[in-house]
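Asks: Next up is a structure, given as structure tokens.
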Amino acid sequence: MARLAVRNLTMQFPGVWALDDVSVEFATGEIHALIGENGAGKSTLLKVLSGIQLPTSGEVQIEGKTVALHSVKAAEHHGVAMVHQELNLIDTLTVAENICLGSEPNRIGLIDRSTMRSIAQEALAQLGAPIDPWTPVGDLPLASKQMIEIAKAVAQRAKFLILDEPTAVLAEAETIALMRLVHKLKDEGVGVIYVSHRLDEVCALADRVTVLRDGKVAAELDGAGQRDQIEPHNLANLMVGRELEDLFPPKITSHPDEVVLELDAVVLDGFPAPISLKVHAGEIVGLGGLIGSGRTEIAEGVIGMRHKVSGRLTAKDPAYVSEDRKGTGLHLSLELKENTSMANLNNYGTLTVDEGKQVSAAEAWIGKLGIRAPGPRVAVQSLSGGNQQKVSLAKWLDTNPRLLILDEPTRGVDIGAKSEIYQLVHELAANGMGCLVISSEMNELIGLCDRVLVLRERRLMGELRGEDVTESNIMMLAAGVGASGVA
């Protein structure tokens, strides 16, 4: 059993201790979960282990010997590979070329494309991902791209594999396949370092759990002797450092008659049948279904990004918070004040932008949404995932919408930030805003939404209300079993 360890690791940035005297040990043949709120130090620790950053002080050890992981290649040389939460693929290359990038097989000085295909096929087969190795990556959906990222790491045959939020964009079947692979890798002697905000996954997989909080090790739990403590509620409390109350606020039971969104027999480009639905002011409506079922495409149709072939569509002052906050939701290199104002620039001047007004508005959003940031002039890319999501929300709330469409609003967000976002959505609805929530997380649809509409293959299969909003009922409709009326 090989050991990978960090000893007394410290990472200091200007004004911030990202890691403070952290010591953790990982072993081969073991699934070791690393959890914590956004900003707890997880990403920094992973960057040290994968050779992206050198620590301010402390050591990385393999088999008790100090090693210098001064680059990604150095980490891979020592048997450490990482699958990042953010995709790191080249869209213009094929799947096989991406999987073998940097380690291309060659014969007499030329790339051996036959061997490259075999390597890619083997890695994809382990994941249960039926993807053609010669498909350009740019032609694939987000979930398939995530599987390719994982296949890249699997193909390296690393001793230690770091998986950072690996299931964030995966459908249920793909998640099950990944979890099988994680167990298989463990049985083959690989040490898996598993990072996820999905605590049910952590509890199902982990042999050991390390909790980080404020840059320090808050708890270490061994599944052999502390299995009863590796359960979601306890882990959530350890992450936030206090007793976490119910995630979801009480549901709103009555709503105004005003309709803020109506699709009346609307056929969108690429949809085989008309869609009819309504969202009232003060209502939180969920849109469920498997990845690829058409949920995001409906949102795109509402805001004009997808062509409406026929039917009547009415939306009152809509705003759309994209599922891909890093790709389409935010400009990461720009400052917080620029991001929060960019959807409403007419309000900040005519010929030039009134920077003072931008700063004041950004400061107000920092206070209203509890954005943890040094100030309005900080680059958004320096913020944690949960705080980036709040900036994305502020950007659209600044337009004063009547209808807010939230696409995967808590993807990659820690349990504390999730609770804050749920409370915010509840408050917006209580103040009369209509909210349409697209989510792949069953508990989010069940706990947050007043009713849930379920899609399958771009068809609206039915609606669930009240006590009928259950995981089994949502899955039955998503699988095409049964149907209910849609209002």
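Every chain in the structure tokens takes a letter, A first, then B, and so on in the order presented; its residues are numbered from 1, and the ligands are numbered from 1 following the presented order.
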Got a sec: who's within 12 Å of Arg242 of chain A, counting only C-alpha atoms, leaving out chain neighbours fewer than 3 positions off, as a list in words?
Replies: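 These residues fall inside the cut-off: Arg213, Ala218, His233, Asn234, Leu235, Ala236, Asn237, Leu238, Met239, Glu245 and Gly416 of chain A.
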Asks: Got time to write the residues from that selection, all heavy atoms, as a JSON list (two decimals), in the first residue's frame?
Replies:
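For reference, result_26.json as written:
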```
[["chain", "number", "residue", "atom", "x", "y", "z"],
["A", 213, "ARG", "N", -12.00, 23.10, 6.75],
["A", 213, "ARG", "CA", -12.79, 24.29, 7.05],
["A", 213, "ARG", "C", -11.84, 25.45, 7.34],
["A", 213, "ARG", "O", -10.94, 25.32, 8.16],
["A", 213, "ARG", "CB", -13.71, 24.04, 8.26],
["A", 213, "ARG", "CG", -14.67, 25.20, 8.51],
["A", 213, "ARG", "CD", -15.74, 24.87, 9.55],
["A", 213, "ARG", "NE", -15.19, 24.68, 10.89],
["A", 213, "ARG", "CZ", -15.23, 23.55, 11.58],
["A", 213, "ARG", "NH1", -15.77, 22.47, 11.02],
["A", 213, "ARG", "NH2", -14.71, 23.48, 12.78],
["A", 218, "ALA", "N", -10.64, 20.08, 9.77],
["A", 218, "ALA", "CA", -11.64, 20.18, 10.82],
["A", 218, "ALA", "C", -12.00, 18.82, 11.40],
["A", 218, "ALA", "O", -12.40, 18.71, 12.56],
["A", 218, "ALA", "CB", -12.90, 20.86, 10.27],
["A", 233, "HIS", "N", -25.94, 14.47, 7.18],
["A", 233, "HIS", "CA", -26.21, 15.56, 8.13],
["A", 233, "HIS", "C", -24.97, 15.88, 8.96],
["A", 233, "HIS", "O", -24.63, 17.05, 9.16],
["A", 233, "HIS", "CB", -27.38, 15.18, 9.03],
["A", 233, "HIS", "CG", -27.80, 16.29, 9.96],
["A", 233, "HIS", "ND1", -28.49, 17.39, 9.52],
["A", 233, "HIS", "CD2", -27.59, 16.47, 11.29],
["A", 233, "HIS", "CE1", -28.71, 18.21, 10.54],
["A", 233, "HIS", "NE2", -28.18, 17.67, 11.62],
["A", 234, "ASN", "N", -24.29, 14.86, 9.44],
["A", 234, "ASN", "CA", -23.09, 15.09, 10.26],
["A", 234, "ASN", "C", -21.99, 15.73, 9.43],
["A", 234, "ASN", "O", -21.30, 16.66, 9.90],
["A", 234, "ASN", "CB", -22.60, 13.77, 10.86],
["A", 234, "ASN", "CG", -21.41, 13.96, 11.77],
["A", 234, "ASN", "OD1", -21.44, 14.76, 12.70],
["A", 234, "ASN", "ND2", -20.32, 13.24, 11.50],
["A", 235, "LEU", "N", -21.79, 15.25, 8.20],
["A", 235, "LEU", "CA", -20.76, 15.83, 7.34],
["A", 235, "LEU", "C", -21.06, 17.30, 7.04],
["A", 235, "LEU", "O", -20.15, 18.14, 7.03],
["A", 235, "LEU", "CB", -20.64, 15.04, 6.03],
["A", 235, "LEU", "CG", -20.14, 13.60, 6.16],
["A", 235, "LEU", "CD1", -20.04, 12.97, 4.78],
["A", 235, "LEU", "CD2", -18.80, 13.52, 6.88],
["A", 236, "ALA", "N", -22.32, 17.61, 6.80],
["A", 236, "ALA", "CA", -22.70, 19.01, 6.53],
["A", 236, "ALA", "C", -22.39, 19.89, 7.74],
["A", 236, "ALA", "O", -21.86, 21.00, 7.60],
["A", 236, "ALA", "CB", -24.19, 19.09, 6.18],
["A", 237, "ASN", "N", -22.70, 19.40, 8.94],
["A", 237, "ASN", "CA", -22.41, 20.16, 10.15],
["A", 237, "ASN", "C", -20.91, 20.38, 10.33],
["A", 237, "ASN", "O", -20.47, 21.46, 10.73],
["A", 237, "ASN", "CB", -22.98, 19.45, 11.38],
["A", 237, "ASN", "CG", -24.49, 19.47, 11.42],
["A", 237, "ASN", "OD1", -25.13, 20.29, 10.77],
["A", 237, "ASN", "ND2", -25.07, 18.55, 12.16],
["A", 238, "LEU", "N", -20.10, 19.35, 10.03],
["A", 238, "LEU", "CA", -18.65, 19.47, 10.15],
["A", 238, "LEU", "C", -18.10, 20.48, 9.14],
["A", 238, "LEU", "O", -17.16, 21.22, 9.43],
["A", 238, "LEU", "CB", -17.98, 18.11, 9.94],
["A", 238, "LEU", "CG", -18.20, 17.08, 11.06],
["A", 238, "LEU", "CD1", -17.68, 15.71, 10.62],
["A", 238, "LEU", "CD2", -17.49, 17.52, 12.35],
["A", 239, "MET", "N", -18.70, 20.52, 7.95],
["A", 239, "MET", "CA", -18.23, 21.45, 6.92],
["A", 239, "MET", "C", -18.46, 22.90, 7.32],
["A", 239, "MET", "O", -17.59, 23.75, 7.13],
["A", 239, "MET", "CB", -18.94, 21.16, 5.59],
["A", 239, "MET", "CG", -18.45, 19.90, 4.90],
["A", 239, "MET", "SD", -19.53, 19.42, 3.53],
["A", 239, "MET", "CE", -19.44, 20.85, 2.46],
["A", 245, "GLU", "N", -29.39, 23.94, 9.89],
["A", 245, "GLU", "CA", -30.83, 23.78, 9.92],
["A", 245, "GLU", "C", -31.31, 23.19, 8.59],
["A", 245, "GLU", "O", -30.53, 22.95, 7.68],
["A", 245, "GLU", "CB", -31.49, 25.13, 10.19],
["A", 245, "GLU", "CG", -31.10, 25.74, 11.53],
["A", 245, "GLU", "CD", -31.67, 27.12, 11.72],
["A", 245, "GLU", "OE1", -32.37, 27.61, 10.81],
["A", 245, "GLU", "OE2", -31.42, 27.72, 12.78],
["A", 416, "GLY", "N", -23.37, 24.85, 2.47],
["A", 416, "GLY", "CA", -23.73, 26.12, 3.09],
["A", 416, "GLY", "C", -24.25, 27.12, 2.08],
["A", 416, "GLY", "O", -25.26, 27.80, 2.31]]
```
Asks: Which residues, written as an MDAnalysis selection string, have at least one atom at most 12 Å from Ile148 of chain A, with only C-alpha atoms counted and residues fewer than 3 positions away on the same chain left out?
Replies: chainID A and resid 83:84 87:91 94:101 120:133 135:138 140:145 151:155 166 170 174 178
Asks: Using only C-alpha atoms, what table do you get, as JSON lines, when you list each residue of segment 179-283 of chain A with an atom no more than 12 Å from segment 25-40 of chain A, its nearest pair of atoms, and their distance in Å rounded to one decimal, rows by chain then rising number?
Replies:
```
{"residue": "A:Met179", "atom": "CA", "partner": "A:Ile31", "partner_atom": "CA", "distance": 10.9}
{"residue": "A:Leu181", "atom": "CA", "partner": "A:Ile31", "partner_atom": "CA", "distance": 11.6}
{"residue": "A:Val182", "atom": "CA", "partner": "A:Ile31", "partner_atom": "CA", "distance": 7.9}
{"residue": "A:His183", "atom": "CA", "partner": "A:Ile31", "partner_atom": "CA", "distance": 8.0}
{"residue": "A:Lys184", "atom": "CA", "partner": "A:Gly29", "partner_atom": "CA", "distance": 9.8}
{"residue": "A:Leu185", "atom": "CA", "partner": "A:Gly29", "partner_atom": "CA", "distance": 7.8}
{"residue": "A:Lys186", "atom": "CA", "partner": "A:Gly29", "partner_atom": "CA", "distance": 4.6}
{"residue": "A:Asp187", "atom": "CA", "partner": "A:Gly29", "partner_atom": "CA", "distance": 6.1}
{"residue": "A:Glu188", "atom": "CA", "partner": "A:Gly29", "partner_atom": "CA", "distance": 7.0}
{"residue": "A:Gly189", "atom": "CA", "partner": "A:Gly29", "partner_atom": "CA", "distance": 4.1}
{"residue": "A:Val190", "atom": "CA", "partner": "A:Thr28", "partner_atom": "CA", "distance": 4.9}
{"residue": "A:Gly191", "atom": "CA", "partner": "A:Thr28", "partner_atom": "CA", "distance": 3.7}
{"residue": "A:Val192", "atom": "CA", "partner": "A:Ile31", "partner_atom": "CA", "distance": 4.8}
{"residue": "A:Ile193", "atom": "CA", "partner": "A:His32", "partner_atom": "CA", "distance": 5.0}
{"residue": "A:Tyr194", "atom": "CA", "partner": "A:Ala33", "partner_atom": "CA", "distance": 4.6}
{"residue": "A:Val195", "atom": "CA", "partner": "A:Leu34", "partner_atom": "CA", "distance": 5.1}
{"residue": "A:Ser196", "atom": "CA", "partner": "A:Ile35", "partner_atom": "CA", "distance": 6.5}
{"residue": "A:His197", "atom": "CA", "partner": "A:Ile35", "partner_atom": "CA", "distance": 7.0}
{"residue": "A:Arg198", "atom": "CA", "partner": "A:Ile35", "partner_atom": "CA", "distance": 9.5}
{"residue": "A:Leu199", "atom": "CA", "partner": "A:Ile35", "partner_atom": "CA", "distance": 8.6}
{"residue": "A:Asp200", "atom": "CA", "partner": "A:Ala33", "partner_atom": "CA", "distance": 11.7}
{"residue": "A:Glu201", "atom": "CA", "partner": "A:Ala33", "partner_atom": "CA", "distance": 9.7}
{"residue": "A:Val202", "atom": "CA", "partner": "A:Ala33", "partner_atom": "CA", "distance": 6.4}
{"residue": "A:Cys203", "atom": "CA", "partner": "A:Ala33", "partner_atom": "CA", "distance": 8.9}
{"residue": "A:Ala204", "atom": "CA", "partner": "A:Ile31", "partner_atom": "CA", "distance": 10.5}
{"residue": "A:Leu205", "atom": "CA", "partner": "A:Ile31", "partner_atom": "CA", "distance": 6.8}
{"residue": "A:Ala206", "atom": "CA", "partner": "A:Ile31", "partner_atom": "CA", "distance": 5.1}
{"residue": "A:Asp207", "atom": "CA", "partner": "A:Ile31", "partner_atom": "CA", "distance": 5.3}
{"residue": "A:Arg208", "atom": "CA", "partner": "A:His32", "partner_atom": "CA", "distance": 4.8}
{"residue": "A:Val209", "atom": "CA", "partner": "A:Ala33", "partner_atom": "CA", "distance": 4.7}
{"residue": "A:Thr210", "atom": "CA", "partner": "A:Leu34", "partner_atom": "CA", "distance": 5.1}
{"residue": "A:Val211", "atom": "CA", "partner": "A:Ile35", "partner_atom": "CA", "distance": 5.0}
{"residue": "A:Leu212", "atom": "CA", "partner": "A:Gly36", "partner_atom": "CA", "distance": 5.0}
{"residue": "A:Arg213", "atom": "CA", "partner": "A:Ala40", "partner_atom": "CA", "distance": 4.7}
{"residue": "A:Asp214", "atom": "CA", "partner": "A:Ala40", "partner_atom": "CA", "distance": 4.7}
{"residue": "A:Gly215", "atom": "CA", "partner": "A:Ala40", "partner_atom": "CA", "distance": 5.2}
{"residue": "A:Lys216", "atom": "CA", "partner": "A:Ala40", "partner_atom": "CA", "distance": 7.7}
{"residue": "A:Val217", "atom": "CA", "partner": "A:Ala40", "partner_atom": "CA", "distance": 9.3}
{"residue": "A:Ala218", "atom": "CA", "partner": "A:Gly36", "partner_atom": "CA", "distance": 9.1}
{"residue": "A:Ala219", "atom": "CA", "partner": "A:Ile35", "partner_atom": "CA", "distance": 10.0}
{"residue": "A:Glu220", "atom": "CA", "partner": "A:Leu34", "partner_atom": "CA", "distance": 9.6}
{"residue": "A:Leu221", "atom": "CA", "partner": "A:Ala33", "partner_atom": "CA", "distance": 9.7}
{"residue": "A:Asp222", "atom": "CA", "partner": "A:His32", "partner_atom": "CA", "distance": 9.4}
{"residue": "A:Gly223", "atom": "CA", "partner": "A:His32", "partner_atom": "CA", "distance": 9.8}
{"residue": "A:Ala224", "atom": "CA", "partner": "A:Glu30", "partner_atom": "CA", "distance": 11.7}
{"residue": "A:Ile230", "atom": "CA", "partner": "A:Ala33", "partner_atom": "CA", "distance": 10.5}
{"residue": "A:Pro232", "atom": "CA", "partner": "A:Ile35", "partner_atom": "CA", "distance": 11.4}
{"residue": "A:Leu235", "atom": "CA", "partner": "A:Ile35", "partner_atom": "CA", "distance": 8.4}
{"residue": "A:Ala236", "atom": "CA", "partner": "A:Gly36", "partner_atom": "CA", "distance": 8.4}
{"residue": "A:Asn237", "atom": "CA", "partner": "A:Gly36", "partner_atom": "CA", "distance": 10.2}
{"residue": "A:Leu238", "atom": "CA", "partner": "A:Gly36", "partner_atom": "CA", "distance": 8.3}
{"residue": "A:Met239", "atom": "CA", "partner": "A:Gly36", "partner_atom": "CA", "distance": 5.0}
{"residue": "A:Val240", "atom": "CA", "partner": "A:Glu37", "partner_atom": "CA", "distance": 6.9}
{"residue": "A:Gly241", "atom": "CA", "partner": "A:Glu37", "partner_atom": "CA", "distance": 10.1}
```
Asks: Restricting it to N, CA and C atoms, dump the selection as a compact mmCIF listing (two decimals), in the first residue's frame.
Replies:
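Once everything was written out, this is part_28.txt:
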```txt
# COMPACT_ATOMS: atom_id res chain seq x y z
N MET A 179 -19.32 5.54 -10.47
CA MET A 179 -19.13 5.00 -9.12
C MET A 179 -18.65 3.55 -9.18
N LEU A 181 -16.77 2.41 -11.57
CA LEU A 181 -15.36 2.54 -11.97
C LEU A 181 -14.49 2.90 -10.77
N VAL A 182 -14.97 3.80 -9.92
CA VAL A 182 -14.20 4.19 -8.73
C VAL A 182 -13.93 2.97 -7.85
N HIS A 183 -14.95 2.16 -7.64
CA HIS A 183 -14.76 0.93 -6.84
C HIS A 183 -13.79 -0.02 -7.54
N LYS A 184 -13.88 -0.12 -8.88
CA LYS A 184 -13.00 -1.00 -9.63
C LYS A 184 -11.54 -0.54 -9.52
N LEU A 185 -11.33 0.77 -9.63
CA LEU A 185 -9.98 1.31 -9.50
C LEU A 185 -9.41 1.05 -8.10
N LYS A 186 -10.25 1.21 -7.10
CA LYS A 186 -9.83 0.92 -5.72
C LYS A 186 -9.40 -0.54 -5.60
N ASP A 187 -10.22 -1.45 -6.15
CA ASP A 187 -9.90 -2.88 -6.08
C ASP A 187 -8.61 -3.21 -6.83
N GLU A 188 -8.29 -2.39 -7.83
CA GLU A 188 -7.06 -2.61 -8.60
C GLU A 188 -5.84 -1.95 -7.95
N GLY A 189 -6.06 -1.31 -6.78
CA GLY A 189 -4.95 -0.74 -6.03
C GLY A 189 -4.72 0.74 -6.24
N VAL A 190 -5.63 1.42 -6.94
CA VAL A 190 -5.48 2.86 -7.13
C VAL A 190 -6.01 3.60 -5.90
N GLY A 191 -5.34 4.65 -5.52
CA GLY A 191 -5.84 5.52 -4.46
C GLY A 191 -6.68 6.62 -5.09
N VAL A 192 -7.96 6.69 -4.73
CA VAL A 192 -8.88 7.68 -5.32
C VAL A 192 -9.14 8.78 -4.29
N ILE A 193 -8.82 9.99 -4.68
CA ILE A 193 -9.11 11.17 -3.84
C ILE A 193 -10.36 11.81 -4.45
N TYR A 194 -11.46 11.71 -3.75
CA TYR A 194 -12.78 12.04 -4.29
C TYR A 194 -13.31 13.32 -3.64
N VAL A 195 -13.52 14.34 -4.47
CA VAL A 195 -14.01 15.63 -3.98
C VAL A 195 -15.41 15.85 -4.54
N SER A 196 -16.38 16.06 -3.67
CA SER A 196 -17.75 16.26 -4.13
C SER A 196 -18.56 17.01 -3.09
N HIS A 197 -19.50 17.84 -3.58
CA HIS A 197 -20.47 18.48 -2.68
C HIS A 197 -21.70 17.60 -2.50
N ARG A 198 -21.77 16.50 -3.27
CA ARG A 198 -22.90 15.58 -3.13
C ARG A 198 -22.59 14.59 -2.01
N LEU A 199 -23.08 14.90 -0.84
CA LEU A 199 -22.70 14.15 0.35
C LEU A 199 -23.22 12.72 0.34
N ASP A 200 -24.32 12.47 -0.37
CA ASP A 200 -24.80 11.09 -0.47
C ASP A 200 -23.79 10.23 -1.23
N GLU A 201 -23.14 10.80 -2.26
CA GLU A 201 -22.09 10.07 -2.98
C GLU A 201 -20.89 9.80 -2.07
N VAL A 202 -20.51 10.81 -1.31
CA VAL A 202 -19.38 10.66 -0.40
C VAL A 202 -19.65 9.52 0.58
N CYS A 203 -20.84 9.50 1.15
CA CYS A 203 -21.18 8.47 2.14
C CYS A 203 -21.21 7.08 1.51
N ALA A 204 -21.64 7.00 0.25
CA ALA A 204 -21.73 5.71 -0.42
C ALA A 204 -20.36 5.17 -0.82
N LEU A 205 -19.40 6.05 -1.09
CA LEU A 205 -18.12 5.64 -1.66
C LEU A 205 -16.97 5.57 -0.66
N ALA A 206 -16.91 6.53 0.26
CA ALA A 206 -15.66 6.80 0.96
C ALA A 206 -15.30 5.76 2.03
N ASP A 207 -14.01 5.36 2.01
CA ASP A 207 -13.44 4.58 3.11
C ASP A 207 -12.95 5.51 4.22
N ARG A 208 -12.63 6.74 3.82
CA ARG A 208 -12.10 7.72 4.76
C ARG A 208 -12.55 9.10 4.29
N VAL A 209 -12.81 10.01 5.23
CA VAL A 209 -13.25 11.36 4.89
C VAL A 209 -12.41 12.38 5.67
N THR A 210 -11.87 13.36 4.94
CA THR A 210 -11.21 14.49 5.58
C THR A 210 -12.03 15.74 5.30
N VAL A 211 -12.36 16.48 6.35
CA VAL A 211 -13.15 17.70 6.23
C VAL A 211 -12.23 18.90 6.42
N LEU A 212 -12.21 19.81 5.44
CA LEU A 212 -11.48 21.06 5.56
C LEU A 212 -12.44 22.19 5.88
N ARG A 213 -12.00 23.10 6.75
CA ARG A 213 -12.79 24.29 7.05
C ARG A 213 -11.84 25.45 7.34
N ASP A 214 -12.01 26.54 6.60
CA ASP A 214 -11.18 27.74 6.78
C ASP A 214 -9.69 27.41 6.67
N GLY A 215 -9.33 26.52 5.73
CA GLY A 215 -7.93 26.22 5.47
C GLY A 215 -7.29 25.25 6.43
N LYS A 216 -8.08 24.66 7.33
CA LYS A 216 -7.54 23.72 8.31
C LYS A 216 -8.30 22.40 8.26
N VAL A 217 -7.68 21.35 8.78
CA VAL A 217 -8.37 20.07 8.89
C VAL A 217 -9.33 20.15 10.07
N ALA A 218 -10.64 20.08 9.77
CA ALA A 218 -11.64 20.18 10.82
C ALA A 218 -12.00 18.82 11.40
N ALA A 219 -11.87 17.76 10.58
CA ALA A 219 -12.21 16.42 11.05
C ALA A 219 -11.64 15.38 10.10
N GLU A 220 -11.33 14.21 10.65
CA GLU A 220 -10.91 13.05 9.86
C GLU A 220 -11.71 11.86 10.35
N LEU A 221 -12.43 11.24 9.45
CA LEU A 221 -13.30 10.12 9.81
C LEU A 221 -12.86 8.87 9.06
N ASP A 222 -12.70 7.78 9.81
CA ASP A 222 -12.30 6.49 9.23
C ASP A 222 -13.53 5.60 9.15
N GLY A 223 -13.84 5.16 7.92
CA GLY A 223 -15.02 4.35 7.73
C GLY A 223 -15.00 3.04 8.49
N ALA A 224 -13.82 2.55 8.82
CA ALA A 224 -13.72 1.28 9.53
C ALA A 224 -14.27 1.39 10.95
N ILE A 230 -20.18 8.94 9.15
CA ILE A 230 -20.11 9.30 7.73
C ILE A 230 -21.52 9.24 7.16
N PRO A 232 -24.78 12.20 5.73
CA PRO A 232 -24.86 13.56 5.19
C PRO A 232 -25.04 14.66 6.21
N LEU A 235 -21.79 15.25 8.20
CA LEU A 235 -20.76 15.83 7.34
C LEU A 235 -21.06 17.30 7.04
N ALA A 236 -22.32 17.61 6.80
CA ALA A 236 -22.70 19.01 6.53
C ALA A 236 -22.39 19.89 7.74
N ASN A 237 -22.70 19.40 8.94
CA ASN A 237 -22.41 20.16 10.15
C ASN A 237 -20.91 20.38 10.33
N LEU A 238 -20.10 19.35 10.03
CA LEU A 238 -18.65 19.47 10.15
C LEU A 238 -18.10 20.48 9.14
N MET A 239 -18.70 20.52 7.95
CA MET A 239 -18.23 21.45 6.92
C MET A 239 -18.46 22.90 7.32
N VAL A 240 -19.64 23.20 7.86
CA VAL A 240 -19.97 24.59 8.18
C VAL A 240 -19.59 24.97 9.61
N GLY A 241 -19.27 23.97 10.44
CA GLY A 241 -18.84 24.25 11.81
C GLY A 241 -19.96 24.60 12.77
```
Asks: Using only C-alpha atoms, which protein or nucleic acid residues come within 7 Å of Leu369 of chain A? Drop anything in the same chain fewer than 3 positions from it, and give the result as a list in words.
Replies: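 Skipping anything fewer than 3 positions along the chain leaves Trp365, Ile366 and Lys390 of chain A.
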Asks: Take the residues that were just selected and, keeping N, CA, C and O atoms, output them as a short mmCIF file (atom, residue, chain, number, x, y, z; two decimals), in the first residue's frame.
Replies:
```cif
data_model
loop_
_atom_site.label_atom_id
_atom_site.label_comp_id
_atom_site.auth_asym_id
_atom_site.auth_seq_id
_atom_site.Cartn_x
_atom_site.Cartn_y
_atom_site.Cartn_z
N TRP A 365 -25.06 44.47 -3.76
CA TRP A 365 -25.30 43.04 -4.03
C TRP A 365 -24.44 42.16 -3.14
O TRP A 365 -24.88 41.09 -2.70
N ILE A 366 -23.23 42.59 -2.86
CA ILE A 366 -22.37 41.83 -1.94
C ILE A 366 -23.06 41.68 -0.59
O ILE A 366 -23.07 40.60 0.02
N LYS A 390 -23.34 33.33 -6.87
CA LYS A 390 -24.09 34.47 -6.34
C LYS A 390 -23.88 35.71 -7.21
O LYS A 390 -24.80 36.51 -7.40
#
```
Asks: Using Å and a single decimal, report how far atom CA of Ala429 of chain A sits from atom CA of Ile284 of chain A.
Replies: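 Computed distance, atom CA of Ile284 of chain A to atom CA of Ala429 of chain A, equals 6.7 Å.
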Asks: Run DSSP on the backbone and tell me which residues of segment 245-398 of chain A come out as strand (DSSP E); list them as a count of residues only.
Replies: 33
Asks: Can you measure atom CA of Ala168 of chain A to atom CA of Gln85 of chain A for me? One decimal in Å is fine.
Replies: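 These two atoms are separated by 8.1 Å.
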Asks: Which residue out of A:Glu363, A:Asp414, A:Asp407, A:Glu297 has the minimum interatomic distance to Asn387 of chain A when only C-alpha atoms are used?
Replies: A:Asp414
Asks: Near Gln53 of chain A, within 8 Å and counting only C-alpha atoms, which residues show up once chain neighbours fewer than 2 positions away are dropped, as a list in words?
Replies: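 Listing them by chain and then by number gives Thr44, Lys47, Val48, Ser50, Gly51, Pro55, His70 and Ser71 of chain A.
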Asks: For Leu455 of chain A, list every protein, DNA or RNA residue within 8 Å, evaluated using only C-alpha atoms, and leave out those in the same chain fewer than 2 positions away; present the list as number ranges by chain.
Replies: A: 287-290, 293-295, 453, 457-462, 477-478
Asks: What does the file look like for those residues with N, CA and C atoms, as a PDB file, in the first residue's frame?
Replies:
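Saved file out_30.pdb follows:
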```pdb
ATOM      1  N   LEU A 287     -38.288  22.148 -13.251  1.00  0.00           N
ATOM      2  CA  LEU A 287     -38.261  21.486 -14.555  1.00  0.00           C
ATOM      3  C   LEU A 287     -37.287  20.329 -14.439  1.00  0.00           C
ATOM      4  N   GLY A 288     -37.827  19.103 -14.420  1.00  0.00           N
ATOM      5  CA  GLY A 288     -37.011  17.913 -14.217  1.00  0.00           C
ATOM      6  C   GLY A 288     -36.908  17.075 -15.475  1.00  0.00           C
ATOM      7  N   GLY A 289     -36.070  16.058 -15.409  1.00  0.00           N
ATOM      8  CA  GLY A 289     -35.839  15.172 -16.542  1.00  0.00           C
ATOM      9  C   GLY A 289     -34.360  14.853 -16.650  1.00  0.00           C
ATOM     10  N   LEU A 290     -34.049  13.853 -17.443  1.00  0.00           N
ATOM     11  CA  LEU A 290     -32.654  13.461 -17.616  1.00  0.00           C
ATOM     12  C   LEU A 290     -31.910  14.497 -18.436  1.00  0.00           C
ATOM     13  N   SER A 293     -32.964  16.008 -22.013  1.00  0.00           N
ATOM     14  CA  SER A 293     -34.418  15.883 -22.160  1.00  0.00           C
ATOM     15  C   SER A 293     -35.069  17.144 -22.712  1.00  0.00           C
ATOM     16  N   GLY A 294     -34.329  18.251 -22.761  1.00  0.00           N
ATOM     17  CA  GLY A 294     -34.869  19.478 -23.327  1.00  0.00           C
ATOM     18  C   GLY A 294     -35.106  20.591 -22.330  1.00  0.00           C
ATOM     19  N   ARG A 295     -34.652  20.398 -21.090  1.00  0.00           N
ATOM     20  CA  ARG A 295     -34.914  21.407 -20.062  1.00  0.00           C
ATOM     21  C   ARG A 295     -34.248  22.742 -20.391  1.00  0.00           C
ATOM     22  N   LEU A 453     -42.531  19.995 -13.356  1.00  0.00           N
ATOM     23  CA  LEU A 453     -42.844  19.523 -14.696  1.00  0.00           C
ATOM     24  C   LEU A 453     -41.693  18.649 -15.161  1.00  0.00           C
ATOM     25  N   GLU A 457     -37.138  13.316 -23.689  1.00  0.00           N
ATOM     26  CA  GLU A 457     -36.893  13.410 -25.131  1.00  0.00           C
ATOM     27  C   GLU A 457     -37.628  14.598 -25.747  1.00  0.00           C
ATOM     28  N   ARG A 458     -37.531  15.753 -25.039  1.00  0.00           N
ATOM     29  CA  ARG A 458     -38.092  17.022 -25.497  1.00  0.00           C
ATOM     30  C   ARG A 458     -39.615  17.004 -25.605  1.00  0.00           C
ATOM     31  N   ARG A 459     -40.234  16.159 -24.805  1.00  0.00           N
ATOM     32  CA  ARG A 459     -41.686  16.126 -24.664  1.00  0.00           C
ATOM     33  C   ARG A 459     -42.022  16.338 -23.191  1.00  0.00           C
ATOM     34  N   LEU A 460     -43.071  17.106 -22.933  1.00  0.00           N
ATOM     35  CA  LEU A 460     -43.520  17.316 -21.557  1.00  0.00           C
ATOM     36  C   LEU A 460     -44.388  16.136 -21.146  1.00  0.00           C
ATOM     37  N   MET A 461     -43.907  15.352 -20.171  1.00  0.00           N
ATOM     38  CA  MET A 461     -44.568  14.099 -19.795  1.00  0.00           C
ATOM     39  C   MET A 461     -45.640  14.292 -18.736  1.00  0.00           C
ATOM     40  N   GLY A 462     -45.510  15.322 -17.912  1.00  0.00           N
ATOM     41  CA  GLY A 462     -46.524  15.506 -16.887  1.00  0.00           C
ATOM     42  C   GLY A 462     -46.095  16.473 -15.809  1.00  0.00           C
ATOM     43  N   LEU A 477     -41.816   9.492 -14.713  1.00  0.00           N
ATOM     44  CA  LEU A 477     -42.148  10.364 -15.833  1.00  0.00           C
ATOM     45  C   LEU A 477     -40.934  10.569 -16.742  1.00  0.00           C
ATOM     46  N   ALA A 478     -39.754  10.730 -16.143  1.00  0.00           N
ATOM     47  CA  ALA A 478     -38.536  10.925 -16.943  1.00  0.00           C
ATOM     48  C   ALA A 478     -38.219   9.701 -17.782  1.00  0.00           C
TER      49      ALA A 478
END
```
